[in-house]
file final.txt (compact mmCIF, C-alpha atoms and all ligand atoms)
# COMPACT_ATOMS: atom_id res chain seq x y z
CA MET A 24 0.00 0.00 0.00
CA MET A 25 1.34 3.45 -0.92
CA THR A 26 2.16 5.74 1.98
CA THR A 27 2.26 9.48 1.45
CA LEU A 28 3.60 12.14 3.78
CA LEU A 29 2.30 15.70 3.40
CA LEU A 30 4.58 18.28 4.97
CA GLY A 31 3.49 21.78 5.98
CA GLN A 32 1.94 23.59 8.91
CA THR A 33 -0.78 21.45 10.44
CA LEU A 34 -3.68 22.56 12.55
CA SER A 35 -6.07 20.24 14.32
CA PHE A 36 -8.57 20.46 17.14
CA THR A 37 -8.80 18.45 20.32
CA GLY A 38 -11.99 20.14 21.50
CA ASP A 39 -14.69 22.67 20.65
CA PRO A 40 -13.23 26.21 20.92
CA PHE A 41 -16.72 27.62 21.55
CA LEU A 42 -16.98 25.54 24.73
CA GLN A 43 -13.40 25.67 26.01
CA PRO A 44 -10.69 28.33 25.77
CA TRP A 45 -9.35 27.96 22.23
CA GLU A 46 -5.77 27.63 23.54
CA GLU A 47 -6.78 24.28 25.03
CA CYS A 48 -8.31 22.90 21.83
CA VAL A 49 -5.73 23.66 19.15
CA LEU A 50 -2.83 21.46 18.09
CA HIS A 51 -0.47 23.28 15.73
CA HIS A 52 2.77 22.05 14.18
CA ALA A 53 4.72 24.81 12.42
CA HIS A 54 6.69 22.08 10.61
CA GLY A 55 4.14 19.30 10.68
CA GLY A 56 3.27 16.25 8.69
CA VAL A 57 0.22 14.17 7.80
CA LEU A 58 0.86 10.52 7.00
CA VAL A 59 -1.71 9.05 4.62
CA GLU A 60 -2.29 5.43 3.68
CA GLY A 61 -5.20 3.69 2.00
CA GLY A 62 -7.41 6.75 1.96
CA HIS A 63 -7.03 7.39 5.69
CA ILE A 64 -4.85 9.54 7.89
CA ARG A 65 -2.44 7.31 9.80
CA ALA A 66 -0.61 9.95 11.84
CA VAL A 67 -0.32 13.69 12.36
CA GLY A 68 2.71 15.20 14.07
CA ASP A 69 6.15 16.69 13.68
CA GLY A 70 7.16 16.51 10.02
CA GLN A 71 10.79 15.47 10.52
CA ALA A 72 9.88 12.81 13.06
CA LEU A 73 7.29 11.31 10.69
CA ARG A 74 9.80 11.42 7.84
CA SER A 75 12.41 9.52 9.87
CA ALA A 76 9.89 6.96 11.08
CA HIS A 77 8.48 6.38 7.56
CA PRO A 78 11.41 6.63 5.13
CA GLN A 79 9.44 4.70 2.47
CA ALA A 80 6.70 7.34 2.33
CA GLN A 81 6.36 9.45 -0.79
CA VAL A 82 6.81 13.06 0.36
CA ARG A 83 4.74 16.03 -0.80
CA ASP A 84 6.29 19.12 0.76
CA TYR A 85 3.97 22.14 1.01
CA GLY A 86 6.52 24.29 2.82
CA ARG A 87 4.80 26.94 4.96
CA ASP A 88 1.32 26.23 3.58
CA LEU A 89 -1.37 25.29 6.07
CA ILE A 90 -2.78 21.75 5.93
CA LEU A 91 -6.34 21.48 7.25
CA PRO A 92 -9.15 18.96 7.01
CA GLY A 93 -11.17 19.57 3.84
CA PHE A 94 -14.01 22.03 4.37
CA VAL A 95 -17.46 20.62 5.07
CA ASP A 96 -20.36 22.60 3.56
CA ALA A 97 -23.35 21.51 5.64
CA HIS A 98 -26.17 23.03 3.54
CA MET A 99 -26.24 23.80 -0.16
CA HIS A 100 -28.39 23.31 -3.26
CA TYR A 101 -26.41 21.92 -6.18
CA PRO A 102 -29.31 22.56 -8.61
CA GLN A 103 -28.95 26.30 -7.95
CA THR A 104 -25.34 26.57 -9.15
CA GLY A 105 -26.49 28.07 -12.46
CA ILE A 106 -28.53 30.84 -10.77
CA ILE A 107 -26.01 31.92 -8.12
CA ALA A 108 -25.89 35.73 -7.78
CA SER A 109 -29.38 36.46 -9.09
CA TRP A 110 -30.39 40.02 -8.34
CA GLY A 111 -32.94 41.78 -6.27
CA LYS A 112 -35.30 39.35 -4.53
CA ARG A 113 -36.07 38.22 -1.02
CA LEU A 114 -36.70 34.57 -0.20
CA ILE A 115 -40.21 33.83 -1.47
CA ASP A 116 -39.85 35.92 -4.66
CA TRP A 117 -36.34 34.57 -5.14
CA LEU A 118 -37.66 31.00 -5.04
CA ASN A 119 -40.49 31.74 -7.48
CA THR A 120 -38.48 33.91 -9.86
CA TYR A 121 -35.14 32.14 -10.07
CA THR A 122 -35.07 28.85 -8.19
CA PHE A 123 -38.19 26.97 -9.20
CA PRO A 124 -37.83 27.58 -12.97
CA GLU A 125 -34.20 26.40 -12.80
CA GLU A 126 -35.07 23.32 -10.72
CA MET A 127 -37.62 22.28 -13.39
CA ARG A 128 -34.73 21.75 -15.79
CA PHE A 129 -33.52 18.86 -13.63
CA ALA A 130 -36.22 16.65 -15.13
CA ASP A 131 -33.46 16.09 -17.71
CA PRO A 132 -30.92 13.69 -16.17
CA ALA A 133 -28.18 14.85 -18.55
CA TYR A 134 -28.57 18.44 -17.37
CA ALA A 135 -28.60 17.27 -13.75
CA ARG A 136 -25.32 15.40 -14.27
CA GLU A 137 -23.72 18.38 -16.01
CA VAL A 138 -24.58 20.70 -13.10
CA ALA A 139 -23.61 18.07 -10.49
CA ASP A 140 -20.18 17.68 -12.14
CA ARG A 141 -19.70 21.43 -12.33
CA THR A 142 -20.78 21.97 -8.73
CA LEU A 143 -18.45 19.33 -7.29
CA ASP A 144 -15.51 20.61 -9.33
CA LEU A 145 -16.20 24.13 -8.06
CA ALA A 146 -16.43 22.85 -4.49
CA LEU A 147 -13.11 20.99 -4.77
CA ALA A 148 -11.43 24.04 -6.32
CA HIS A 149 -12.53 25.94 -3.20
CA GLY A 150 -11.19 23.27 -0.82
CA THR A 151 -14.59 21.81 0.07
CA THR A 152 -14.48 18.03 0.19
CA THR A 153 -17.88 17.19 1.73
CA LEU A 154 -21.23 18.75 0.87
CA CYS A 155 -24.72 18.20 2.16
CA SER A 156 -26.92 19.09 -0.79
CA TYR A 157 -30.56 19.38 -1.68
CA CYS A 158 -31.43 17.91 -5.07
CA THR A 159 -34.74 18.52 -6.87
CA ILE A 160 -37.99 16.64 -6.90
CA HIS A 161 -36.63 14.45 -9.72
CA GLU A 162 -35.22 11.08 -8.73
CA GLY A 163 -32.64 11.43 -11.51
CA SER A 164 -31.27 14.60 -9.92
CA VAL A 165 -30.31 12.56 -6.86
CA ASP A 166 -28.71 9.78 -8.89
CA ALA A 167 -26.77 12.41 -10.85
CA PHE A 168 -25.35 14.00 -7.71
CA PHE A 169 -24.36 10.75 -6.01
CA GLU A 170 -22.85 9.41 -9.25
CA ALA A 171 -20.82 12.59 -9.76
CA ALA A 172 -19.58 12.40 -6.15
CA ALA A 173 -18.68 8.72 -6.47
CA ALA A 174 -16.71 9.48 -9.65
CA ARG A 175 -14.61 11.88 -7.54
CA GLY A 176 -14.47 9.64 -4.46
CA MET A 177 -16.17 12.34 -2.36
CA ARG A 178 -18.09 11.85 0.87
CA VAL A 179 -21.44 13.60 0.38
CA VAL A 180 -24.93 13.71 1.79
CA ALA A 181 -27.95 14.52 -0.37
CA GLY A 182 -31.64 13.91 -0.79
CA ARG A 183 -34.63 14.33 -3.08
CA THR A 184 -36.38 17.61 -2.30
CA CYS A 185 -40.06 16.95 -1.56
CA MET A 186 -42.90 19.44 -2.21
CA ASP A 187 -46.58 18.54 -2.53
CA ARG A 188 -48.37 21.77 -1.62
CA ASP A 189 -49.78 24.07 -4.32
CA THR A 190 -47.37 26.78 -3.15
CA ALA A 191 -44.83 24.92 -5.31
CA PRO A 192 -45.36 25.20 -9.08
CA GLU A 193 -46.86 22.55 -11.32
CA GLY A 194 -43.97 20.42 -12.52
CA LEU A 195 -42.16 20.53 -9.17
CA ARG A 196 -44.90 18.89 -7.12
CA ASP A 197 -45.16 15.34 -5.88
CA THR A 198 -47.62 13.74 -3.44
CA ALA A 199 -47.19 12.47 0.09
CA GLN A 200 -47.09 8.93 -1.28
CA SER A 201 -44.71 9.51 -4.21
CA ALA A 202 -42.35 11.56 -2.01
CA HIS A 203 -42.26 8.68 0.46
CA ASP A 204 -41.86 5.95 -2.12
CA GLU A 205 -39.24 7.67 -4.29
CA SER A 206 -37.23 8.74 -1.24
CA ALA A 207 -37.39 5.15 0.06
CA ARG A 208 -36.10 3.86 -3.29
CA LEU A 209 -33.24 6.36 -3.21
CA ILE A 210 -32.34 5.41 0.36
CA ALA A 211 -32.14 1.75 -0.69
CA ARG A 212 -30.01 2.71 -3.69
CA TRP A 213 -27.60 5.19 -2.10
CA HIS A 214 -27.56 5.39 1.69
CA GLY A 215 -24.25 3.96 2.91
CA ARG A 216 -23.09 3.06 -0.61
CA GLY A 217 -19.40 3.99 -0.79
CA ARG A 218 -19.12 7.45 0.73
CA ALA A 219 -22.76 8.44 0.15
CA GLY A 220 -25.29 9.25 2.85
CA TYR A 221 -28.95 10.05 2.39
CA ALA A 222 -30.87 12.97 3.90
CA ILE A 223 -34.67 12.82 3.81
CA THR A 224 -35.50 16.28 2.43
CA PRO A 225 -38.83 18.04 2.83
CA ARG A 226 -37.95 21.47 1.35
CA PHE A 227 -39.76 23.38 4.13
CA SER A 228 -43.18 23.48 5.75
CA PRO A 229 -44.67 26.05 3.33
CA THR A 230 -44.24 23.69 0.35
CA SER A 231 -45.39 20.47 2.06
CA THR A 232 -48.79 19.39 3.29
CA ALA A 233 -49.12 17.94 6.77
CA GLU A 234 -49.71 14.56 5.08
CA GLN A 235 -46.36 14.78 3.31
CA LEU A 236 -44.52 15.82 6.48
CA GLU A 237 -46.17 12.87 8.25
CA ALA A 238 -45.17 10.43 5.49
CA LEU A 239 -41.55 11.63 5.56
CA GLY A 240 -41.54 11.46 9.37
CA ALA A 241 -42.59 7.81 9.10
CA LEU A 242 -39.87 7.21 6.49
CA TRP A 243 -37.26 8.70 8.83
CA ALA A 244 -38.49 6.52 11.72
CA ALA A 245 -38.05 3.49 9.45
CA ASN A 246 -34.57 4.68 8.37
CA PRO A 247 -33.13 6.23 11.52
CA THR A 248 -29.52 6.33 10.28
CA CYS A 249 -30.51 8.81 7.56
CA LEU A 250 -30.23 12.51 8.16
CA MET A 251 -33.30 14.75 7.69
CA GLN A 252 -32.65 18.21 6.26
CA THR A 253 -34.99 21.14 5.87
CA HIS A 254 -35.24 24.93 6.34
CA LEU A 255 -36.31 26.73 9.52
CA SER A 256 -37.11 30.38 10.24
CA GLU A 257 -35.02 32.02 7.54
CA GLN A 258 -37.09 35.18 6.96
CA THR A 259 -39.79 36.87 9.01
CA ASP A 260 -42.29 36.77 6.07
CA GLU A 261 -41.73 33.04 5.86
CA VAL A 262 -42.36 32.58 9.60
CA GLU A 263 -45.65 34.50 9.21
CA TRP A 264 -46.57 32.38 6.20
CA VAL A 265 -45.99 29.20 8.22
CA ARG A 266 -48.14 30.58 11.04
CA GLY A 267 -50.99 31.06 8.56
CA ILE A 268 -50.69 27.62 6.99
CA TYR A 269 -50.28 25.72 10.30
CA PRO A 270 -52.47 27.64 12.77
CA GLY A 271 -52.35 24.81 15.32
CA ALA A 272 -48.55 24.71 15.55
CA ARG A 273 -46.83 26.22 18.59
CA ASP A 274 -44.08 27.66 16.35
CA TYR A 275 -42.26 26.90 13.07
CA LEU A 276 -40.21 24.04 14.55
CA ASP A 277 -43.42 22.46 15.81
CA THR A 278 -44.64 22.00 12.23
CA TYR A 279 -41.76 19.51 11.92
CA GLU A 280 -41.85 18.15 15.45
CA ALA A 281 -45.58 17.30 15.24
CA HIS A 282 -44.87 15.09 12.22
CA GLY A 283 -41.84 13.15 13.40
CA LEU A 284 -39.34 15.50 11.76
CA LEU A 285 -37.38 16.59 14.82
CA GLY A 286 -34.50 14.40 15.99
CA PRO A 287 -30.76 14.34 16.66
CA ARG A 288 -30.07 13.69 12.98
CA GLY A 289 -32.19 16.65 11.95
CA VAL A 290 -30.26 19.36 10.08
CA TYR A 291 -32.04 22.71 9.89
CA GLY A 292 -30.83 25.48 7.59
CA HIS A 293 -30.77 29.21 8.49
CA VAL A 294 -32.55 29.07 11.90
CA ILE A 295 -32.56 32.83 12.49
CA HIS A 296 -35.91 34.08 13.81
CA LEU A 297 -36.47 31.67 16.67
CA GLU A 298 -38.84 31.51 19.62
CA PRO A 299 -37.27 30.52 22.96
CA ARG A 300 -39.07 27.15 22.82
CA GLU A 301 -37.45 26.38 19.48
CA VAL A 302 -33.96 27.04 20.84
CA ASP A 303 -34.69 24.83 23.86
CA ARG A 304 -35.99 21.98 21.71
CA LEU A 305 -33.06 22.08 19.26
CA ALA A 306 -30.66 21.94 22.20
CA GLU A 307 -32.54 19.20 24.06
CA VAL A 308 -32.82 17.00 21.00
CA GLY A 309 -29.27 17.60 19.73
CA ALA A 310 -30.50 18.72 16.31
CA ALA A 311 -28.22 20.90 14.18
CA ALA A 312 -28.68 24.57 13.24
CA ILE A 313 -26.74 25.42 10.09
CA HIS A 314 -25.37 28.95 9.70
CA CYS A 315 -25.53 30.17 6.09
CA PRO A 316 -24.00 33.65 6.44
CA THR A 317 -23.46 34.72 2.82
CA SER A 318 -26.99 33.64 1.96
CA ASN A 319 -28.46 35.38 4.98
CA THR A 320 -26.90 38.67 3.94
CA PHE A 321 -27.43 38.18 0.19
CA ILE A 322 -31.16 37.34 0.44
CA GLY A 323 -31.53 39.73 3.36
CA SER A 324 -32.67 37.13 5.89
CA GLY A 325 -31.12 38.30 9.16
CA LEU A 326 -28.32 37.77 11.65
CA PHE A 327 -27.82 34.19 12.89
CA ASP A 328 -27.07 34.13 16.61
CA LEU A 329 -23.93 31.98 16.43
CA VAL A 330 -22.49 32.72 19.86
CA GLY A 331 -25.92 32.63 21.52
CA LEU A 332 -26.91 29.28 20.04
CA LYS A 333 -23.51 27.70 20.76
CA GLY A 334 -23.80 29.00 24.31
CA ARG A 335 -27.21 27.33 24.64
CA GLY A 336 -25.71 24.01 23.50
CA VAL A 337 -27.18 23.90 20.00
CA VAL A 338 -25.13 21.83 17.55
CA THR A 339 -24.03 24.22 14.81
CA GLY A 340 -22.46 23.86 11.38
CA LEU A 341 -21.43 26.26 8.62
CA ALA A 342 -22.62 26.34 5.02
CA THR A 343 -22.60 28.28 1.77
CA ASP A 344 -26.27 27.66 0.86
CA THR A 345 -25.33 28.18 -2.80
CA GLY A 346 -27.11 29.38 -4.95
CA GLY A 347 -28.85 31.47 -2.24
CA GLY A 348 -25.38 32.07 -0.87
CA SER A 349 -23.10 34.21 -2.97
CA SER A 350 -19.90 32.14 -2.84
CA PHE A 351 -18.67 28.55 -3.01
CA SER A 352 -15.79 29.52 -0.74
CA MET A 353 -15.90 28.44 2.89
CA LEU A 354 -13.26 31.14 3.43
CA ARG A 355 -15.70 33.81 2.22
CA THR A 356 -18.34 32.09 4.34
CA MET A 357 -16.14 32.28 7.47
CA ALA A 358 -15.50 35.96 6.72
CA THR A 359 -19.21 36.73 6.61
CA ALA A 360 -19.82 34.65 9.74
CA TYR A 361 -17.19 36.79 11.46
CA GLU A 362 -18.83 40.02 10.25
CA ILE A 363 -22.32 38.97 11.32
CA ALA A 364 -21.03 38.03 14.79
CA GLN A 365 -19.32 41.43 14.98
CA ILE A 366 -22.62 43.16 14.22
CA ARG A 367 -24.12 41.11 17.06
CA GLY A 368 -21.30 42.22 19.37
CA HIS A 369 -18.99 39.20 19.35
CA ALA A 370 -15.49 38.83 17.93
CA VAL A 371 -15.38 35.17 16.90
CA HIS A 372 -11.83 33.79 17.05
CA PRO A 373 -10.21 32.38 13.88
CA SER A 374 -9.92 28.99 15.60
CA GLN A 375 -13.69 29.03 16.12
CA LEU A 376 -14.29 29.88 12.45
CA LEU A 377 -12.00 27.08 11.26
CA TRP A 378 -13.54 24.63 13.72
CA LEU A 379 -17.04 25.46 12.43
CA ALA A 380 -16.02 24.95 8.78
CA THR A 381 -14.51 21.54 9.49
CA GLU A 382 -15.27 19.64 12.70
CA GLY A 383 -18.41 21.67 13.51
CA SER A 384 -20.08 20.97 10.18
CA ALA A 385 -18.94 17.34 10.28
CA ARG A 386 -20.50 16.96 13.72
CA ALA A 387 -23.75 18.56 12.51
CA LEU A 388 -23.86 15.88 9.78
CA HIS A 389 -22.91 13.08 12.22
CA LEU A 390 -19.67 12.60 10.31
CA ASP A 391 -17.31 13.66 13.11
CA GLY A 392 -14.36 11.32 13.38
CA THR A 393 -14.86 10.44 9.72
CA VAL A 394 -14.19 13.80 8.04
CA GLY A 395 -13.50 17.35 9.23
CA ARG A 396 -10.63 16.26 11.43
CA LEU A 397 -6.86 15.99 10.99
CA GLU A 398 -6.32 12.94 13.15
CA ALA A 399 -5.23 9.31 12.81
CA GLY A 400 -8.20 7.22 11.66
CA ALA A 401 -10.05 9.99 9.85
CA GLU A 402 -10.58 9.86 6.10
CA ALA A 403 -7.80 11.69 4.25
CA ASP A 404 -9.77 14.64 2.85
CA MET A 405 -7.67 17.78 3.17
CA VAL A 406 -7.22 21.31 1.93
CA VAL A 407 -3.82 22.97 1.71
CA LEU A 408 -3.96 26.77 2.03
CA ASP A 409 -1.45 29.28 0.72
CA LEU A 410 -1.49 31.93 3.46
CA ALA A 411 -0.11 34.62 1.12
CA SER A 412 -2.29 34.01 -1.95
CA THR A 413 -2.82 37.64 -3.02
CA PRO A 414 -0.66 40.75 -2.63
CA VAL A 415 -2.91 42.26 0.03
CA ILE A 416 -3.02 39.04 2.05
CA ALA A 417 0.73 38.51 1.65
CA GLN A 418 1.65 41.98 2.93
CA ARG A 419 -0.64 41.55 5.95
CA ALA A 420 0.59 38.01 6.70
CA GLU A 421 4.17 39.25 6.57
CA ARG A 422 3.56 41.26 9.75
CA ALA A 423 2.02 38.34 11.62
CA ARG A 424 3.35 37.84 15.13
CA ASP A 425 1.60 34.53 15.72
CA LEU A 426 -0.32 31.78 13.97
CA TRP A 427 -3.68 33.52 14.20
CA GLU A 428 -2.41 36.77 12.69
CA LEU A 429 -0.98 34.64 9.91
CA VAL A 430 -4.25 32.76 9.30
CA PHE A 431 -6.85 35.48 9.83
CA PRO A 432 -6.09 37.56 6.67
CA THR A 433 -6.75 34.45 4.57
CA LEU A 434 -10.00 33.76 6.42
CA MET A 435 -11.14 37.34 5.81
CA MET A 436 -9.82 37.96 2.30
CA GLY A 437 -9.09 34.53 0.83
CA ASP A 438 -10.96 32.59 -1.82
CA ASP A 439 -10.14 29.78 -4.25
CA ARG A 440 -6.80 31.44 -5.05
CA ALA A 441 -5.71 30.45 -1.53
CA VAL A 442 -6.34 26.76 -2.22
CA ARG A 443 -2.95 25.28 -3.11
CA ALA A 444 -4.31 21.73 -3.20
CA THR A 445 -7.31 19.64 -2.28
CA TRP A 446 -6.96 15.98 -1.32
CA VAL A 447 -9.84 13.50 -1.45
CA GLY A 448 -9.55 9.99 -0.05
CA GLY A 449 -5.77 10.29 0.21
CA GLN A 450 -5.27 11.49 -3.38
CA PRO A 451 -4.57 15.00 -4.67
CA VAL A 452 -7.33 16.34 -6.88
CA ALA A 453 -6.13 17.21 -10.37
CA ARG A 454 -6.64 20.90 -10.93
CA PRO A 455 -7.99 22.27 -14.17
CA GLY A 456 -5.15 23.55 -16.33
N1 LIG B 501 -36.21 27.83 1.76
C1 LIG B 501 -36.85 26.90 1.02
N2 LIG B 501 -36.15 26.58 -0.07
C2 LIG B 501 -35.05 27.32 -0.04
C3 LIG B 501 -33.93 27.45 -0.92
O1 LIG B 501 -33.82 26.79 -1.95
N3 LIG B 501 -32.97 28.34 -0.54
C4 LIG B 501 -33.06 29.08 0.60
N4 LIG B 501 -32.08 29.92 0.90
N5 LIG B 501 -34.09 28.98 1.42
C5 LIG B 501 -35.08 28.12 1.10
ZN ZN B 502 -31.25 26.01 1.60
call {"tool": "encode", "arguments": {"input": "final.txt", "output": "structure tokens"}}
result
Amino acid sequence: MMTTLLLGQTLSFTGDPFLQPWEECVLHHAHGGVLVEGGHIRAVGDGQALRSAHPQAQVRDYGRDLILPGFVDAHMHYPQTGIIASWGKRLIDWLNTYTFPEEMRFADPAYAREVADRTLDLALAHGTTTLCSYCTIHEGSVDAFFEAAAARGMRVVAGRTCMDRDTAPEGLRDTAQSAHDESARLIARWHGRGRAGYAITPRFSPTSTAEQLEALGALWAANPTCLMQTHLSEQTDEVEWVRGIYPGARDYLDTYEAHGLLGPRGVYGHVIHLEPREVDRLAEVGAAAIHCPTSNTFIGSGLFDLVGLKGRGVVTGLATDTGGGSSFSMLRTMATAYEIAQIRGHAVHPSQLLWLATEGSARALHLDGTVGRLEAGAEADMVVLDLASTPVIAQRAERARDLWELVFPTLMMGDDRAVRATWVGGQPVARPG
């Protein structure tokens, strides 16, 4: 079996820097190494020591570049890649104007595969190695995504987006029964196959009937190792809309809870305009709230309470939400997360941002220990960052007095130009050109 040794600066976490002082959770080697064998990380430590102990290993020396676990994007919509950066609308109009017409095109499996290929190549170019994606209502859109991921050896989570209410347009509507049956077929076909995981995916309460939510709740109960992903309290108009459609519900989360769609493997996107009961229930259950900062500013949704929710014990991940989000880059996403926290009065530390984009998102997807971690036993998905990728970043990094001053300019100003290399399953990804 081939053994590879990556040399560079390494950064890994031994704990959650939101819950402990960050100094106690960070393991940094200025001249580190990551030993890779058979698609897994075998050791992380001092580079020279690993080199001496494993003289047979093929060496890839990244100098002063920073080796991290590959980024984990915990909420995105691959079918929206083609409509990213569409102007001028808030959520409901944005869905009707841009999203739904584009998602109709995924009835064509060839188009679905083309966009899935493009999306995953864009993600890898930005250092993202795991994505949790919505597909469309079309079964073929799910096959296309999982096939494209398998072709690249990527660990992904995805599911068929279900909508049976007349708030969704003709052509993107199913029924409670067909949503259940097609999702069940896809679970049998994909869940646990290679590096694929399935997420049961009701789009959100306003596009599902109570019957459909109930049917998908039953499907989740029958397939408890699946994730369940949906949207929660993204915009105030949406929360009002939900109140009108489900007058008996205690709050937005209750529209899911009442139908078996609240559980520890529940992954809820946006989660901004919450009632106290909703925060309590998410924390009690161990369900995940996914922060989508570039989307929340782009669509004008609001300011996610990162520090507050972490402090209340809510499991939290980080995501681009492309094409609602305005960037594939988890670096841009960390920058916006930082800015939103600043507006809310908190200076989030760079270690906390990096933790969220790797281990935090992996934990939200119940993949912690598997990806998102630079540690022996984890799968060897990595991103290597050039910490001086543009002139402005380079001149700021030059003045750095410590690791965090060196890293922070790249978190704030970096993008795909900072990605020196991406490794998937122990192999470097060939870069275009
Ligand atoms: N809520 C329901 N569907 C969507 C979607 O596709 N994107 C975003 N940002 N919010 C949603
Ligand atoms: Zn979304």
call {"tool": "residues_near_ligand", "arguments": {"input": "final.txt", "ligand": "ligand LIG 501 (chain B)", "cutoff": "7 Å", "atoms": "all atoms listed in the file", "output": "list in words"}}
result
His100, Leu114, Leu118, Thr122, Arg226, Phe227, His254, Glu257, Ser318, Asp344 and Gly347 of chain A
call {"tool": "residues_near_ligand", "arguments": {"input": "final.txt", "ligand": "ligand ZN 502 (chain B)", "cutoff": "10 Å", "atoms": "all atoms listed in the file", "output": "NGL selection string"}}
result
:A and (97-100 or 103 or 156-157 or 226-227 or 252-255 or 257 or 291-293 or 313 or 315 or 318 or 342-348)
call {"tool": "write_last_selection", "arguments": {"input": "final.txt", "atoms": "C-alpha atoms", "output": "compact mmCIF listing (two decimals), in the frame of the given file"}}
result
# COMPACT_ATOMS: atom_id res chain seq x y z
CA ALA A 97 -23.35 21.51 5.64
CA HIS A 98 -26.17 23.03 3.54
CA MET A 99 -26.24 23.80 -0.16
CA HIS A 100 -28.39 23.31 -3.26
CA GLN A 103 -28.95 26.30 -7.95
CA SER A 156 -26.92 19.09 -0.79
CA TYR A 157 -30.56 19.38 -1.68
CA ARG A 226 -37.95 21.47 1.35
CA PHE A 227 -39.76 23.38 4.13
CA GLN A 252 -32.65 18.21 6.26
CA THR A 253 -34.99 21.14 5.87
CA HIS A 254 -35.24 24.93 6.34
CA LEU A 255 -36.31 26.73 9.52
CA GLU A 257 -35.02 32.02 7.54
CA TYR A 291 -32.04 22.71 9.89
CA GLY A 292 -30.83 25.48 7.59
CA HIS A 293 -30.77 29.21 8.49
CA ILE A 313 -26.74 25.42 10.09
CA CYS A 315 -25.53 30.17 6.09
CA SER A 318 -26.99 33.64 1.96
CA ALA A 342 -22.62 26.34 5.02
CA THR A 343 -22.60 28.28 1.77
CA ASP A 344 -26.27 27.66 0.86
CA THR A 345 -25.33 28.18 -2.80
CA GLY A 346 -27.11 29.38 -4.95
CA GLY A 347 -28.85 31.47 -2.24
CA GLY A 348 -25.38 32.07 -0.87
call {"tool": "residues_around", "arguments": {"input": "final.txt", "residues": "Thr259 in chain A", "least_positions_apart": "6", "cutoff": "12 Å", "atoms": "all atoms listed in the file", "output": "ChimeraX atom specification"}}
result
/A:113-115,265-266,275,293-298,323-326
call {"tool": "residues_around", "arguments": {"input": "final.txt", "residues": "Pro124 in chain A", "least_positions_apart": "6", "cutoff": "10 Å", "atoms": "only C-alpha atoms", "output": "PDB file with C-alpha atoms, keeping the file's coordinate frame"}}
result
ATOM      1  CA  LEU A 118     -37.660  31.000  -5.040  1.00  0.00           C
ATOM      2  CA  PRO A 192     -45.360  25.200  -9.080  1.00  0.00           C
ATOM      3  CA  GLY A 194     -43.970  20.420 -12.520  1.00  0.00           C
ATOM      4  CA  LEU A 195     -42.160  20.530  -9.170  1.00  0.00           C
TER       5      LEU A 195
END
call {"tool": "residues_around", "arguments": {"input": "final.txt", "residues": "range 370-374 of chain A", "least_positions_apart": "5", "cutoff": "8 Å", "atoms": "only C-alpha atoms", "output": "list in words"}}
result
Pro40, Trp45, Val49, Tyr361, Ala364, Gln365, Trp427, Val430, Phe431 and Leu434 of chain A
call {"tool": "residues_around", "arguments": {"input": "final.txt", "residues": "range 171-180 of chain A", "least_positions_apart": "6", "cutoff": "6 Å", "atoms": "only C-alpha atoms", "output": "PyMOL selection string"}}
result
chain A and resi 140+153-155+218-221
call {"tool": "decode", "arguments": {"input": "final.txt", "residues": "range 157-174 of chain A", "atoms": "C-alpha atoms", "output": "PDB file, in the first residue's frame"}}
result
ATOM      1  CA  TYR A 157     -30.557  19.383  -1.678  1.00  0.00           C
ATOM      2  CA  CYS A 158     -31.427  17.907  -5.068  1.00  0.00           C
ATOM      3  CA  THR A 159     -34.736  18.525  -6.872  1.00  0.00           C
ATOM      4  CA  ILE A 160     -37.986  16.638  -6.896  1.00  0.00           C
ATOM      5  CA  HIS A 161     -36.626  14.455  -9.718  1.00  0.00           C
ATOM      6  CA  GLU A 162     -35.219  11.077  -8.732  1.00  0.00           C
ATOM      7  CA  GLY A 163     -32.641  11.428 -11.515  1.00  0.00           C
ATOM      8  CA  SER A 164     -31.270  14.604  -9.921  1.00  0.00           C
ATOM      9  CA  VAL A 165     -30.310  12.560  -6.855  1.00  0.00           C
ATOM     10  CA  ASP A 166     -28.713   9.783  -8.893  1.00  0.00           C
ATOM     11  CA  ALA A 167     -26.765  12.412 -10.853  1.00  0.00           C
ATOM     12  CA  PHE A 168     -25.353  14.004  -7.714  1.00  0.00           C
ATOM     13  CA  PHE A 169     -24.363  10.751  -6.011  1.00  0.00           C
ATOM     14  CA  GLU A 170     -22.849   9.406  -9.253  1.00  0.00           C
ATOM     15  CA  ALA A 171     -20.820  12.589  -9.761  1.00  0.00           C
ATOM     16  CA  ALA A 172     -19.583  12.400  -6.149  1.00  0.00           C
ATOM     17  CA  ALA A 173     -18.684   8.716  -6.474  1.00  0.00           C
ATOM     18  CA  ALA A 174     -16.712   9.481  -9.651  1.00  0.00           C
TER      19      ALA A 174
END
